[in-house]
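Participant: Dropping the structure in here first, questions after.
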Amino acid sequence: MLCQGIVAGLGCGFCYGSCLPTISHWFKKKRATAFGIASTGSATGGTLIPIAVRNLIPLIGFQWTMRTLGFILSLEFTIALILMRRRLSPSSTAGGIFDLQAFRSAPYSIYVAASCAAYLGLYTQLTYIDVSGVISGVPPHFSFYLVSIANAASLIGRLGSGFLCDKFGNLNVLIPFNTATALATLVWPFCTTQASLITIAICYGISPGAFASLVGIPVASLGNTLDVGRRTGMLFTFCAFANLVGPPISGAIFSKNGKFIEVGIYAGSMIIGSAMLMVAARWSALRQWKGKF
């Protein structure tokens, strides 16, 4: 529990939170495409690692399976550390690590609230889709792969949304993608056959793949590039708490009602609320309905 929940979480947070702003230093016109390409690594890992773990544990045991993953991740991080470079020199900005003055910007504040609302419901389906499959009669050995199917499908959403964001604007793309995610979440509890669960896993994988990979992109447009690292870190700090409580809330709803319909309504409503807040953030930044943002 200590290693997986705290140490691994802190390590992933530091790595993820520092890599994204570095990309912003190097790209402007094609920034979203660069983010989308970079995020395909997490989709690939989310597809392959669960399958590898499931097959390795019976062969070499739990301990050596975790060590094998550790060796693989160590190699990947070493390559990243060698190749990754920042373009801008370190800047001394007032306010420290956590600067509340950033929240004086209404578009930034609203966008942070929108992201938190999304994370309250975003990973509910991904967390419980295999459980719902077993309850619906799907064989457990196949239901396990629904998560990997969703992660594999997210490759399409991550790459495609990055290209679309550069062409039409970040929030102009994230808003419809989040709306599609909400609809997929609301429909999911009614999928009770193997074919329908595969279909909804693919649809769900594509739509939230956009938000998961590009959630940090609008931050670069809501302030100075020199300060993008700190503002991105503050965004993910708040989102971390939302991501922490979202799936447990869904689990508590399921425990009380014994059905996933109410869970889907809760999670889908949170994501719809997120899309509405993104509309408000966009309006606050542009003060008009038309425009690329």
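Every chain in the structure tokens takes a letter, A first, then B, and so on in the order presented; its residues are numbered from 1, and the ligands are numbered from 1 following the presented order.
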With region 123-128 of chain A as the partner and 8 Å as the cut-off, tabulate the residues of region 194-247 of chain A that qualify, each row holding the nearest pair of atoms and their distance in Å to one decimal, using only C-alpha atoms, sorted by chain and rising number, as CSV.

Facilitator:
residue,atom,partner,partner_atom,distance
A:Asn243,CA,A:Tyr123,CA,7.8
A:Gly246,CA,A:Thr124,CA,7.1
A:Pro247,CA,A:Thr124,CA,5.2

Participant: Could the residues in this selection be written to a file with all heavy atoms, as a compact mmCIF listing (two decimals), in the first residue's frame?

Facilitator:
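Contents of out.txt, as written:
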# COMPACT_ATOMS: atom_id res chain seq x y z
N ASN A 243 -9.51 13.11 -8.77
CA ASN A 243 -9.28 11.75 -9.28
C ASN A 243 -9.23 10.74 -8.15
O ASN A 243 -9.57 9.56 -8.34
CB ASN A 243 -7.97 11.74 -10.07
CG ASN A 243 -7.96 10.69 -11.17
OD1 ASN A 243 -8.96 10.04 -11.44
ND2 ASN A 243 -6.82 10.54 -11.81
N GLY A 246 -13.15 10.38 -6.98
CA GLY A 246 -14.17 10.07 -7.99
C GLY A 246 -14.57 8.61 -8.03
O GLY A 246 -15.75 8.26 -7.80
N PRO A 247 -13.64 7.68 -8.33
CA PRO A 247 -14.02 6.26 -8.37
C PRO A 247 -14.57 5.72 -7.04
O PRO A 247 -15.52 4.93 -7.06
CB PRO A 247 -12.70 5.57 -8.76
CG PRO A 247 -11.96 6.60 -9.53
CD PRO A 247 -12.27 7.91 -8.85

Participant: Can you tell me which residues surround Ser39 (chain A) at a distance of at most 7 Å, considering only C-alpha atoms, apart from same-chain residues fewer than 3 positions away, and format the answer as a list in words?

Facilitator: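 Surrounding residues, per the criterion: Phe35, Gly36, Ser42, Ala43, Arg158 and Ser213 of chain A.
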
Participant: Rounded to one decimal place, report the CA of Ala34 (chain A)-CA of Ile82 (chain A) distance in Å.

Facilitator: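 CA of Ile82 (chain A) lies 18.6 Å from CA of Ala34 (chain A).
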
Participant: At a cut-off of 10 Å, using only C-alpha atoms, what residues contact region 275-290 of chain A? Leave out same-chain residues fewer than 2 positions from it and give the result as a PDB file with all heavy atoms, in the first residue's frame.

Facilitator:
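Final output, result-v6.pdb:
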ATOM      1  N   SER A 105      -7.182  35.022 -12.376  1.00  0.00           N
ATOM      2  CA  SER A 105      -7.610  34.895 -13.771  1.00  0.00           C
ATOM      3  C   SER A 105      -8.863  34.029 -13.825  1.00  0.00           C
ATOM      4  O   SER A 105      -8.819  32.836 -13.506  1.00  0.00           O
ATOM      5  CB  SER A 105      -6.492  34.262 -14.607  1.00  0.00           C
ATOM      6  OG  SER A 105      -6.978  33.853 -15.876  1.00  0.00           O
ATOM      7  N   ALA A 106      -9.977  34.624 -14.208  1.00  0.00           N
ATOM      8  CA  ALA A 106     -11.249  33.886 -14.254  1.00  0.00           C
ATOM      9  C   ALA A 106     -11.205  32.700 -15.218  1.00  0.00           C
ATOM     10  O   ALA A 106     -11.646  31.601 -14.863  1.00  0.00           O
ATOM     11  CB  ALA A 106     -12.390  34.829 -14.622  1.00  0.00           C
ATOM     12  N   PRO A 107     -10.658  32.850 -16.435  1.00  0.00           N
ATOM     13  CA  PRO A 107     -10.608  31.686 -17.330  1.00  0.00           C
ATOM     14  C   PRO A 107      -9.816  30.523 -16.744  1.00  0.00           C
ATOM     15  O   PRO A 107     -10.229  29.364 -16.865  1.00  0.00           O
ATOM     16  CB  PRO A 107      -9.933  32.243 -18.593  1.00  0.00           C
ATOM     17  CG  PRO A 107     -10.204  33.701 -18.563  1.00  0.00           C
ATOM     18  CD  PRO A 107     -10.194  34.082 -17.118  1.00  0.00           C
ATOM     19  N   TYR A 108      -8.686  30.822 -16.108  1.00  0.00           N
ATOM     20  CA  TYR A 108      -7.869  29.758 -15.512  1.00  0.00           C
ATOM     21  C   TYR A 108      -8.611  29.088 -14.366  1.00  0.00           C
ATOM     22  O   TYR A 108      -8.635  27.853 -14.260  1.00  0.00           O
ATOM     23  CB  TYR A 108      -6.541  30.329 -15.017  1.00  0.00           C
ATOM     24  CG  TYR A 108      -5.668  29.313 -14.310  1.00  0.00           C
ATOM     25  CD1 TYR A 108      -4.984  28.334 -15.019  1.00  0.00           C
ATOM     26  CD2 TYR A 108      -5.533  29.330 -12.921  1.00  0.00           C
ATOM     27  CE1 TYR A 108      -4.185  27.398 -14.374  1.00  0.00           C
ATOM     28  CE2 TYR A 108      -4.732  28.401 -12.266  1.00  0.00           C
ATOM     29  CZ  TYR A 108      -4.066  27.439 -12.993  1.00  0.00           C
ATOM     30  OH  TYR A 108      -3.282  26.513 -12.339  1.00  0.00           O
ATOM     31  N   SER A 109      -9.224  29.874 -13.502  1.00  0.00           N
ATOM     32  CA  SER A 109      -9.951  29.321 -12.350  1.00  0.00           C
ATOM     33  C   SER A 109     -11.101  28.433 -12.798  1.00  0.00           C
ATOM     34  O   SER A 109     -11.314  27.342 -12.250  1.00  0.00           O
ATOM     35  CB  SER A 109     -10.471  30.460 -11.466  1.00  0.00           C
ATOM     36  OG  SER A 109      -9.418  31.239 -10.960  1.00  0.00           O
ATOM     37  N   ILE A 110     -11.842  28.903 -13.793  1.00  0.00           N
ATOM     38  CA  ILE A 110     -12.977  28.114 -14.285  1.00  0.00           C
ATOM     39  C   ILE A 110     -12.488  26.835 -14.939  1.00  0.00           C
ATOM     40  O   ILE A 110     -13.089  25.762 -14.788  1.00  0.00           O
ATOM     41  CB  ILE A 110     -13.825  28.944 -15.269  1.00  0.00           C
ATOM     42  CG1 ILE A 110     -14.411  30.171 -14.567  1.00  0.00           C
ATOM     43  CG2 ILE A 110     -14.951  28.094 -15.850  1.00  0.00           C
ATOM     44  CD1 ILE A 110     -15.105  31.141 -15.514  1.00  0.00           C
ATOM     45  N   TYR A 111     -11.368  26.931 -15.657  1.00  0.00           N
ATOM     46  CA  TYR A 111     -10.840  25.731 -16.308  1.00  0.00           C
ATOM     47  C   TYR A 111     -10.361  24.704 -15.290  1.00  0.00           C
ATOM     48  O   TYR A 111     -10.555  23.493 -15.489  1.00  0.00           O
ATOM     49  CB  TYR A 111      -9.708  26.089 -17.270  1.00  0.00           C
ATOM     50  CG  TYR A 111      -9.195  24.873 -18.000  1.00  0.00           C
ATOM     51  CD1 TYR A 111      -9.958  24.261 -18.987  1.00  0.00           C
ATOM     52  CD2 TYR A 111      -7.960  24.316 -17.675  1.00  0.00           C
ATOM     53  CE1 TYR A 111      -9.508  23.128 -19.642  1.00  0.00           C
ATOM     54  CE2 TYR A 111      -7.502  23.180 -18.330  1.00  0.00           C
ATOM     55  CZ  TYR A 111      -8.287  22.597 -19.302  1.00  0.00           C
ATOM     56  OH  TYR A 111      -7.840  21.459 -19.936  1.00  0.00           O
ATOM     57  N   VAL A 112      -9.747  25.151 -14.197  1.00  0.00           N
ATOM     58  CA  VAL A 112      -9.347  24.234 -13.132  1.00  0.00           C
ATOM     59  C   VAL A 112     -10.573  23.532 -12.559  1.00  0.00           C
ATOM     60  O   VAL A 112     -10.567  22.316 -12.333  1.00  0.00           O
ATOM     61  CB  VAL A 112      -8.569  24.970 -12.030  1.00  0.00           C
ATOM     62  CG1 VAL A 112      -8.352  24.062 -10.822  1.00  0.00           C
ATOM     63  CG2 VAL A 112      -7.219  25.456 -12.552  1.00  0.00           C
ATOM     64  N   ALA A 113     -11.654  24.295 -12.324  1.00  0.00           N
ATOM     65  CA  ALA A 113     -12.897  23.701 -11.817  1.00  0.00           C
ATOM     66  C   ALA A 113     -13.471  22.701 -12.811  1.00  0.00           C
ATOM     67  O   ALA A 113     -13.966  21.630 -12.423  1.00  0.00           O
ATOM     68  CB  ALA A 113     -13.918  24.806 -11.520  1.00  0.00           C
ATOM     69  N   ALA A 114     -13.396  23.025 -14.105  1.00  0.00           N
ATOM     70  CA  ALA A 114     -13.900  22.116 -15.136  1.00  0.00           C
ATOM     71  C   ALA A 114     -13.118  20.815 -15.154  1.00  0.00           C
ATOM     72  O   ALA A 114     -13.697  19.718 -15.273  1.00  0.00           O
ATOM     73  CB  ALA A 114     -13.825  22.799 -16.500  1.00  0.00           C
ATOM     74  N   SER A 115     -11.811  20.911 -15.019  1.00  0.00           N
ATOM     75  CA  SER A 115     -10.965  19.713 -15.029  1.00  0.00           C
ATOM     76  C   SER A 115     -11.241  18.838 -13.811  1.00  0.00           C
ATOM     77  O   SER A 115     -11.305  17.604 -13.921  1.00  0.00           O
ATOM     78  CB  SER A 115      -9.487  20.114 -15.067  1.00  0.00           C
ATOM     79  OG  SER A 115      -9.205  20.894 -16.202  1.00  0.00           O
ATOM     80  N   ALA A 117     -14.050  18.679 -12.132  1.00  0.00           N
ATOM     81  CA  ALA A 117     -15.362  18.050 -12.331  1.00  0.00           C
ATOM     82  C   ALA A 117     -15.256  16.856 -13.268  1.00  0.00           C
ATOM     83  O   ALA A 117     -15.890  15.816 -13.049  1.00  0.00           O
ATOM     84  CB  ALA A 117     -16.352  19.080 -12.882  1.00  0.00           C
ATOM     85  N   ALA A 118     -14.443  16.988 -14.304  1.00  0.00           N
ATOM     86  CA  ALA A 118     -14.272  15.878 -15.243  1.00  0.00           C
ATOM     87  C   ALA A 118     -13.670  14.665 -14.554  1.00  0.00           C
ATOM     88  O   ALA A 118     -14.140  13.531 -14.735  1.00  0.00           O
ATOM     89  CB  ALA A 118     -13.392  16.320 -16.415  1.00  0.00           C
ATOM     90  N   ASN A 170      -8.109  24.513 -28.631  1.00  0.00           N
ATOM     91  CA  ASN A 170      -8.099  23.486 -27.587  1.00  0.00           C
ATOM     92  C   ASN A 170      -9.488  23.221 -27.009  1.00  0.00           C
ATOM     93  O   ASN A 170      -9.987  22.096 -27.031  1.00  0.00           O
ATOM     94  CB  ASN A 170      -7.135  23.905 -26.474  1.00  0.00           C
ATOM     95  CG  ASN A 170      -5.725  24.106 -26.981  1.00  0.00           C
ATOM     96  OD1 ASN A 170      -5.244  23.341 -27.812  1.00  0.00           O
ATOM     97  ND2 ASN A 170      -5.052  25.141 -26.505  1.00  0.00           N
ATOM     98  N   LEU A 171     -10.119  24.241 -26.451  1.00  0.00           N
ATOM     99  CA  LEU A 171     -11.427  24.043 -25.831  1.00  0.00           C
ATOM    100  C   LEU A 171     -12.505  23.763 -26.870  1.00  0.00           C
ATOM    101  O   LEU A 171     -13.494  23.084 -26.570  1.00  0.00           O
ATOM    102  CB  LEU A 171     -11.808  25.262 -24.988  1.00  0.00           C
ATOM    103  CG  LEU A 171     -10.987  25.452 -23.715  1.00  0.00           C
ATOM    104  CD1 LEU A 171     -11.487  26.663 -22.930  1.00  0.00           C
ATOM    105  CD2 LEU A 171     -11.038  24.210 -22.833  1.00  0.00           C
ATOM    106  N   ASN A 172     -12.324  24.266 -28.088  1.00  0.00           N
ATOM    107  CA  ASN A 172     -13.287  23.971 -29.147  1.00  0.00           C
ATOM    108  C   ASN A 172     -13.353  22.477 -29.447  1.00  0.00           C
ATOM    109  O   ASN A 172     -14.366  21.980 -29.940  1.00  0.00           O
ATOM    110  CB  ASN A 172     -12.906  24.719 -30.426  1.00  0.00           C
ATOM    111  CG  ASN A 172     -13.116  26.210 -30.310  1.00  0.00           C
ATOM    112  OD1 ASN A 172     -13.734  26.688 -29.367  1.00  0.00           O
ATOM    113  ND2 ASN A 172     -12.587  26.962 -31.265  1.00  0.00           N
ATOM    114  N   LEU A 174     -12.010  20.009 -26.957  1.00  0.00           N
ATOM    115  CA  LEU A 174     -12.212  19.299 -25.696  1.00  0.00           C
ATOM    116  C   LEU A 174     -13.671  19.298 -25.268  1.00  0.00           C
ATOM    117  O   LEU A 174     -14.142  18.314 -24.684  1.00  0.00           O
ATOM    118  CB  LEU A 174     -11.346  19.927 -24.596  1.00  0.00           C
ATOM    119  CG  LEU A 174      -9.835  19.674 -24.689  1.00  0.00           C
ATOM    120  CD1 LEU A 174      -9.116  20.365 -23.549  1.00  0.00           C
ATOM    121  CD2 LEU A 174      -9.533  18.187 -24.680  1.00  0.00           C
ATOM    122  N   ILE A 175     -14.399  20.357 -25.541  1.00  0.00           N
ATOM    123  CA  ILE A 175     -15.808  20.429 -25.126  1.00  0.00           C
ATOM    124  C   ILE A 175     -16.643  19.327 -25.790  1.00  0.00           C
ATOM    125  O   ILE A 175     -17.339  18.572 -25.097  1.00  0.00           O
ATOM    126  CB  ILE A 175     -16.391  21.830 -25.399  1.00  0.00           C
ATOM    127  CG1 ILE A 175     -15.765  22.853 -24.446  1.00  0.00           C
ATOM    128  CG2 ILE A 175     -17.906  21.831 -25.242  1.00  0.00           C
ATOM    129  CD1 ILE A 175     -16.051  24.290 -24.805  1.00  0.00           C
ATOM    130  N   PRO A 176     -16.617  19.172 -27.123  1.00  0.00           N
ATOM    131  CA  PRO A 176     -17.397  18.069 -27.716  1.00  0.00           C
ATOM    132  C   PRO A 176     -16.881  16.682 -27.338  1.00  0.00           C
ATOM    133  O   PRO A 176     -17.674  15.750 -27.181  1.00  0.00           O
ATOM    134  CB  PRO A 176     -17.287  18.318 -29.227  1.00  0.00           C
ATOM    135  CG  PRO A 176     -16.128  19.233 -29.396  1.00  0.00           C
ATOM    136  CD  PRO A 176     -16.065  20.056 -28.167  1.00  0.00           C
ATOM    137  N   PHE A 177     -15.566  16.540 -27.169  1.00  0.00           N
ATOM    138  CA  PHE A 177     -15.035  15.247 -26.758  1.00  0.00           C
ATOM    139  C   PHE A 177     -15.509  14.893 -25.351  1.00  0.00           C
ATOM    140  O   PHE A 177     -15.845  13.739 -25.068  1.00  0.00           O
ATOM    141  CB  PHE A 177     -13.502  15.253 -26.820  1.00  0.00           C
ATOM    142  CG  PHE A 177     -12.944  14.732 -28.107  1.00  0.00           C
ATOM    143  CD1 PHE A 177     -12.734  15.585 -29.181  1.00  0.00           C
ATOM    144  CD2 PHE A 177     -12.636  13.397 -28.268  1.00  0.00           C
ATOM    145  CE1 PHE A 177     -12.223  15.115 -30.388  1.00  0.00           C
ATOM    146  CE2 PHE A 177     -12.130  12.906 -29.457  1.00  0.00           C
ATOM    147  CZ  PHE A 177     -11.920  13.771 -30.532  1.00  0.00           C
ATOM    148  N   ASN A 178     -15.538  15.865 -24.446  1.00  0.00           N
ATOM    149  CA  ASN A 178     -16.035  15.605 -23.100  1.00  0.00           C
ATOM    150  C   ASN A 178     -17.525  15.291 -23.115  1.00  0.00           C
ATOM    151  O   ASN A 178     -17.999  14.450 -22.336  1.00  0.00           O
ATOM    152  CB  ASN A 178     -15.761  16.801 -22.190  1.00  0.00           C
ATOM    153  CG  ASN A 178     -14.483  16.641 -21.400  1.00  0.00           C
ATOM    154  OD1 ASN A 178     -13.585  15.933 -21.818  1.00  0.00           O
ATOM    155  ND2 ASN A 178     -14.398  17.285 -20.250  1.00  0.00           N
ATOM    156  N   THR A 179     -18.266  15.948 -23.984  1.00  0.00           N
ATOM    157  CA  THR A 179     -19.693  15.648 -24.105  1.00  0.00           C
ATOM    158  C   THR A 179     -19.901  14.216 -24.584  1.00  0.00           C
ATOM    159  O   THR A 179     -20.773  13.495 -24.082  1.00  0.00           O
ATOM    160  CB  THR A 179     -20.358  16.637 -25.081  1.00  0.00           C
ATOM    161  OG1 THR A 179     -20.136  17.984 -24.627  1.00  0.00           O
ATOM    162  CG2 THR A 179     -21.856  16.383 -25.168  1.00  0.00           C
ATOM    163  N   ALA A 180     -19.089  13.797 -25.547  1.00  0.00           N
ATOM    164  CA  ALA A 180     -19.166  12.411 -26.031  1.00  0.00           C
ATOM    165  C   ALA A 180     -18.803  11.426 -24.931  1.00  0.00           C
ATOM    166  O   ALA A 180     -19.409  10.342 -24.811  1.00  0.00           O
ATOM    167  CB  ALA A 180     -18.246  12.230 -27.237  1.00  0.00           C
ATOM    168  N   THR A 181     -17.815  11.781 -24.097  1.00  0.00           N
ATOM    169  CA  THR A 181     -17.442  10.923 -22.963  1.00  0.00           C
ATOM    170  C   THR A 181     -18.607  10.773 -21.994  1.00  0.00           C
ATOM    171  O   THR A 181     -18.871   9.678 -21.476  1.00  0.00           O
ATOM    172  CB  THR A 181     -16.230  11.515 -22.227  1.00  0.00           C
ATOM    173  OG1 THR A 181     -15.145  11.650 -23.146  1.00  0.00           O
ATOM    174  CG2 THR A 181     -15.803  10.629 -21.068  1.00  0.00           C
ATOM    175  N   ALA A 182     -19.296  11.881 -21.729  1.00  0.00           N
ATOM    176  CA  ALA A 182     -20.448  11.834 -20.825  1.00  0.00           C
ATOM    177  C   ALA A 182     -21.538  10.919 -21.379  1.00  0.00           C
ATOM    178  O   ALA A 182     -22.130  10.113 -20.641  1.00  0.00           O
ATOM    179  CB  ALA A 182     -20.997  13.247 -20.609  1.00  0.00           C
ATOM    180  N   PRO A 218      -4.641  23.838 -22.524  1.00  0.00           N
ATOM    181  CA  PRO A 218      -5.182  25.201 -22.408  1.00  0.00           C
ATOM    182  C   PRO A 218      -4.450  26.076 -21.395  1.00  0.00           C
ATOM    183  O   PRO A 218      -4.490  27.304 -21.507  1.00  0.00           O
ATOM    184  CB  PRO A 218      -6.639  24.957 -21.960  1.00  0.00           C
ATOM    185  CG  PRO A 218      -6.961  23.597 -22.460  1.00  0.00           C
ATOM    186  CD  PRO A 218      -5.690  22.827 -22.301  1.00  0.00           C
ATOM    187  N   SER A 221      -2.211  28.666 -22.777  1.00  0.00           N
ATOM    188  CA  SER A 221      -2.866  29.824 -23.403  1.00  0.00           C
ATOM    189  C   SER A 221      -3.476  30.766 -22.382  1.00  0.00           C
ATOM    190  O   SER A 221      -4.027  31.796 -22.757  1.00  0.00           O
ATOM    191  CB  SER A 221      -3.956  29.340 -24.360  1.00  0.00           C
ATOM    192  OG  SER A 221      -3.436  28.451 -25.320  1.00  0.00           O
ATOM    193  N   LEU A 222      -3.399  30.398 -21.111  1.00  0.00           N
ATOM    194  CA  LEU A 222      -4.038  31.199 -20.062  1.00  0.00           C
ATOM    195  C   LEU A 222      -3.023  31.922 -19.193  1.00  0.00           C
ATOM    196  O   LEU A 222      -3.292  32.225 -18.038  1.00  0.00           O
ATOM    197  CB  LEU A 222      -4.916  30.286 -19.188  1.00  0.00           C
ATOM    198  CG  LEU A 222      -6.065  29.582 -19.908  1.00  0.00           C
ATOM    199  CD1 LEU A 222      -6.761  28.602 -18.976  1.00  0.00           C
ATOM    200  CD2 LEU A 222      -7.075  30.597 -20.444  1.00  0.00           C
ATOM    201  N   SER A 269     -22.970  12.885 -15.265  1.00  0.00           N
ATOM    202  CA  SER A 269     -23.363  14.249 -14.882  1.00  0.00           C
ATOM    203  C   SER A 269     -22.144  15.099 -14.548  1.00  0.00           C
ATOM    204  O   SER A 269     -22.090  16.293 -14.886  1.00  0.00           O
ATOM    205  CB  SER A 269     -24.311  14.205 -13.681  1.00  0.00           C
ATOM    206  OG  SER A 269     -25.494  13.500 -13.992  1.00  0.00           O
ATOM    207  N   MET A 270     -21.160  14.496 -13.881  1.00  0.00           N
ATOM    208  CA  MET A 270     -19.940  15.239 -13.564  1.00  0.00           C
ATOM    209  C   MET A 270     -19.218  15.675 -14.841  1.00  0.00           C
ATOM    210  O   MET A 270     -18.727  16.804 -14.937  1.00  0.00           O
ATOM    211  CB  MET A 270     -19.002  14.372 -12.715  1.00  0.00           C
ATOM    212  CG  MET A 270     -19.488  14.085 -11.311  1.00  0.00           C
ATOM    213  SD  MET A 270     -19.645  15.579 -10.284  1.00  0.00           S
ATOM    214  CE  MET A 270     -21.430  15.839 -10.355  1.00  0.00           C
ATOM    215  N   ILE A 271     -19.170  14.796 -15.831  1.00  0.00           N
ATOM    216  CA  ILE A 271     -18.467  15.113 -17.069  1.00  0.00           C
ATOM    217  C   ILE A 271     -19.249  16.149 -17.876  1.00  0.00           C
ATOM    218  O   ILE A 271     -18.653  17.048 -18.499  1.00  0.00           O
ATOM    219  CB  ILE A 271     -18.216  13.844 -17.887  1.00  0.00           C
ATOM    220  CG1 ILE A 271     -17.419  12.824 -17.052  1.00  0.00           C
ATOM    221  CG2 ILE A 271     -17.452  14.158 -19.160  1.00  0.00           C
ATOM    222  CD1 ILE A 271     -17.286  11.463 -17.696  1.00  0.00           C
ATOM    223  N   ILE A 272     -20.576  16.047 -17.875  1.00  0.00           N
ATOM    224  CA  ILE A 272     -21.385  17.078 -18.538  1.00  0.00           C
ATOM    225  C   ILE A 272     -21.170  18.437 -17.865  1.00  0.00           C
ATOM    226  O   ILE A 272     -21.021  19.468 -18.531  1.00  0.00           O
ATOM    227  CB  ILE A 272     -22.879  16.693 -18.505  1.00  0.00           C
ATOM    228  CG1 ILE A 272     -23.135  15.517 -19.450  1.00  0.00           C
ATOM    229  CG2 ILE A 272     -23.750  17.888 -18.907  1.00  0.00           C
ATOM    230  CD1 ILE A 272     -24.546  14.987 -19.405  1.00  0.00           C
ATOM    231  N   GLY A 273     -21.124  18.430 -16.528  1.00  0.00           N
ATOM    232  CA  GLY A 273     -20.840  19.665 -15.804  1.00  0.00           C
ATOM    233  C   GLY A 273     -19.487  20.235 -16.179  1.00  0.00           C
ATOM    234  O   GLY A 273     -19.308  21.454 -16.305  1.00  0.00           O
ATOM    235  N   LYS A 292     -11.143  30.805 -32.268  1.00  0.00           N
ATOM    236  CA  LYS A 292     -10.302  29.635 -32.017  1.00  0.00           C
ATOM    237  C   LYS A 292      -9.688  29.757 -30.621  1.00  0.00           C
ATOM    238  O   LYS A 292      -8.955  30.685 -30.334  1.00  0.00           O
ATOM    239  CB  LYS A 292      -9.199  29.535 -33.061  1.00  0.00           C
ATOM    240  CG  LYS A 292      -8.263  28.350 -32.886  1.00  0.00           C
ATOM    241  CD  LYS A 292      -7.213  28.342 -33.979  1.00  0.00           C
ATOM    242  CE  LYS A 292      -6.224  27.190 -33.785  1.00  0.00           C
ATOM    243  NZ  LYS A 292      -5.194  27.168 -34.843  1.00  0.00           N
ATOM    244  N   PHE A 293     -10.036  28.813 -29.751  1.00  0.00           N
ATOM    245  CA  PHE A 293      -9.458  28.821 -28.403  1.00  0.00           C
ATOM    246  C   PHE A 293      -9.509  27.414 -27.825  1.00  0.00           C
ATOM    247  O   PHE A 293     -10.536  26.779 -27.857  1.00  0.00           O
ATOM    248  CB  PHE A 293     -10.215  29.777 -27.481  1.00  0.00           C
ATOM    249  CG  PHE A 293      -9.523  29.970 -26.166  1.00  0.00           C
ATOM    250  CD1 PHE A 293      -8.445  30.834 -26.055  1.00  0.00           C
ATOM    251  CD2 PHE A 293      -9.907  29.251 -25.042  1.00  0.00           C
ATOM    252  CE1 PHE A 293      -7.785  31.002 -24.841  1.00  0.00           C
ATOM    253  CE2 PHE A 293      -9.260  29.403 -23.842  1.00  0.00           C
ATOM    254  CZ  PHE A 293      -8.193  30.288 -23.730  1.00  0.00           C
TER     255      PHE A 293
END

Participant: Under the rule that only C-alpha atoms are counted, which of A:Leu59, A:Ala267, A:Cys191, A:Val228 is the nearest residue to Ser132 (chain A)?

Facilitator: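 That would be A:Cys191, the residue with the smallest distance to Ser132 (chain A).
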
Participant: So how far away is CA of Ala201 (chain A) from CA of Leu164 (chain A), in Å?

Facilitator: 22.2 Å

Participant: Can you tell me how far CA of Cys165 (chain A) sits from CA of Ala38 (chain A), in Å to one decimal?

Facilitator: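 Between these atoms lies a distance of 14.8 Å.
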
Participant: Which neighbours of Ile23 (chain A) fall inside 10 Å, counting only C-alpha atoms, when residues of the same chain fewer than 4 positions from it are skipped, and could you give them as a PyMOL selection string?

Facilitator: chain A and resi 18-19+27-28+31-32+34-35+38+84-87+217

Participant: Go ahead and save the residues from that selection, with N, CA, C and O atoms, as a compact mmCIF listing (two decimals), in the first residue's frame.

Facilitator:
# COMPACT_ATOMS: atom_id res chain seq x y z
N SER A 18 6.26 17.38 -14.73
CA SER A 18 7.42 18.10 -15.28
C SER A 18 7.59 17.88 -16.77
O SER A 18 8.13 18.75 -17.47
N CYS A 19 7.13 16.75 -17.29
CA CYS A 19 7.30 16.47 -18.72
C CYS A 19 6.39 17.34 -19.58
O CYS A 19 6.81 17.85 -20.62
N PHE A 27 7.06 23.70 -28.42
CA PHE A 27 6.03 23.75 -29.47
C PHE A 27 5.01 24.84 -29.17
O PHE A 27 4.64 25.07 -28.02
N LYS A 28 4.57 25.50 -30.24
CA LYS A 28 3.50 26.49 -30.11
C LYS A 28 2.39 26.20 -31.12
O LYS A 28 1.26 25.93 -30.73
N ARG A 31 1.56 22.44 -30.76
CA ARG A 31 1.71 22.01 -29.36
C ARG A 31 0.77 20.87 -29.01
O ARG A 31 1.17 19.89 -28.38
N ALA A 32 -0.49 20.96 -29.41
CA ALA A 32 -1.46 19.91 -29.07
C ALA A 32 -1.10 18.59 -29.74
O ALA A 32 -1.25 17.52 -29.14
N ALA A 34 1.90 17.62 -30.47
CA ALA A 34 3.05 17.11 -29.71
C ALA A 34 2.58 16.45 -28.41
O ALA A 34 3.06 15.37 -28.03
N PHE A 35 1.62 17.08 -27.72
CA PHE A 35 1.07 16.49 -26.50
C PHE A 35 0.39 15.16 -26.81
O PHE A 35 0.52 14.19 -26.06
N ALA A 38 3.00 12.48 -27.43
CA ALA A 38 3.66 12.10 -26.18
C ALA A 38 2.76 11.24 -25.31
O ALA A 38 3.23 10.31 -24.64
N MET A 84 15.30 14.33 -22.86
CA MET A 84 14.44 15.49 -22.57
C MET A 84 15.27 16.70 -22.16
O MET A 84 16.12 16.61 -21.28
N ARG A 85 15.01 17.83 -22.80
CA ARG A 85 15.70 19.07 -22.49
C ARG A 85 14.70 20.22 -22.46
O ARG A 85 13.77 20.25 -23.25
N ARG A 86 14.90 21.18 -21.58
CA ARG A 86 14.06 22.37 -21.55
C ARG A 86 14.66 23.41 -22.48
O ARG A 86 15.89 23.51 -22.63
N ARG A 87 13.82 24.20 -23.12
CA ARG A 87 14.30 25.24 -24.03
C ARG A 87 14.57 26.53 -23.28
O ARG A 87 15.55 27.22 -23.55
N ILE A 217 -3.05 21.38 -21.98
CA ILE A 217 -2.80 22.27 -23.10
C ILE A 217 -3.37 23.68 -22.90
O ILE A 217 -2.68 24.67 -23.11

Participant: Residues within 9 Å of Arg231 (chain A), please, as number ranges by chain. Count only C-alpha atoms; anything in the same chain fewer than 2 positions from it doesn't count.

Facilitator: A: 98-99, 102, 108, 219-220, 223, 227-229, 233-236

Participant: If we count only C-alpha atoms and set the cut-off at 12 Å, which residues sit around Leu69 (chain A), ignoring sequence neighbours fewer than 6 positions away in its own chain? Please answer as number ranges by chain.

Facilitator: A: 45, 48-50, 52-53, 56-57, 62-63, 75-76

Participant: Tell me which of A:Thr40, A:Ser250, A:Ser274, A:Thr237 sits closest to Leu155 (chain A), counting only C-alpha atoms.

Facilitator: A:Thr40

Participant: Using only C-alpha atoms, which residue out of A:Asn257, A:Val147, A:Arg67, A:Phe163 lies closest to Ile129 (chain A)?

Facilitator: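 Among the listed residues, the smallest separation from Ile129 (chain A) belongs to A:Val147.
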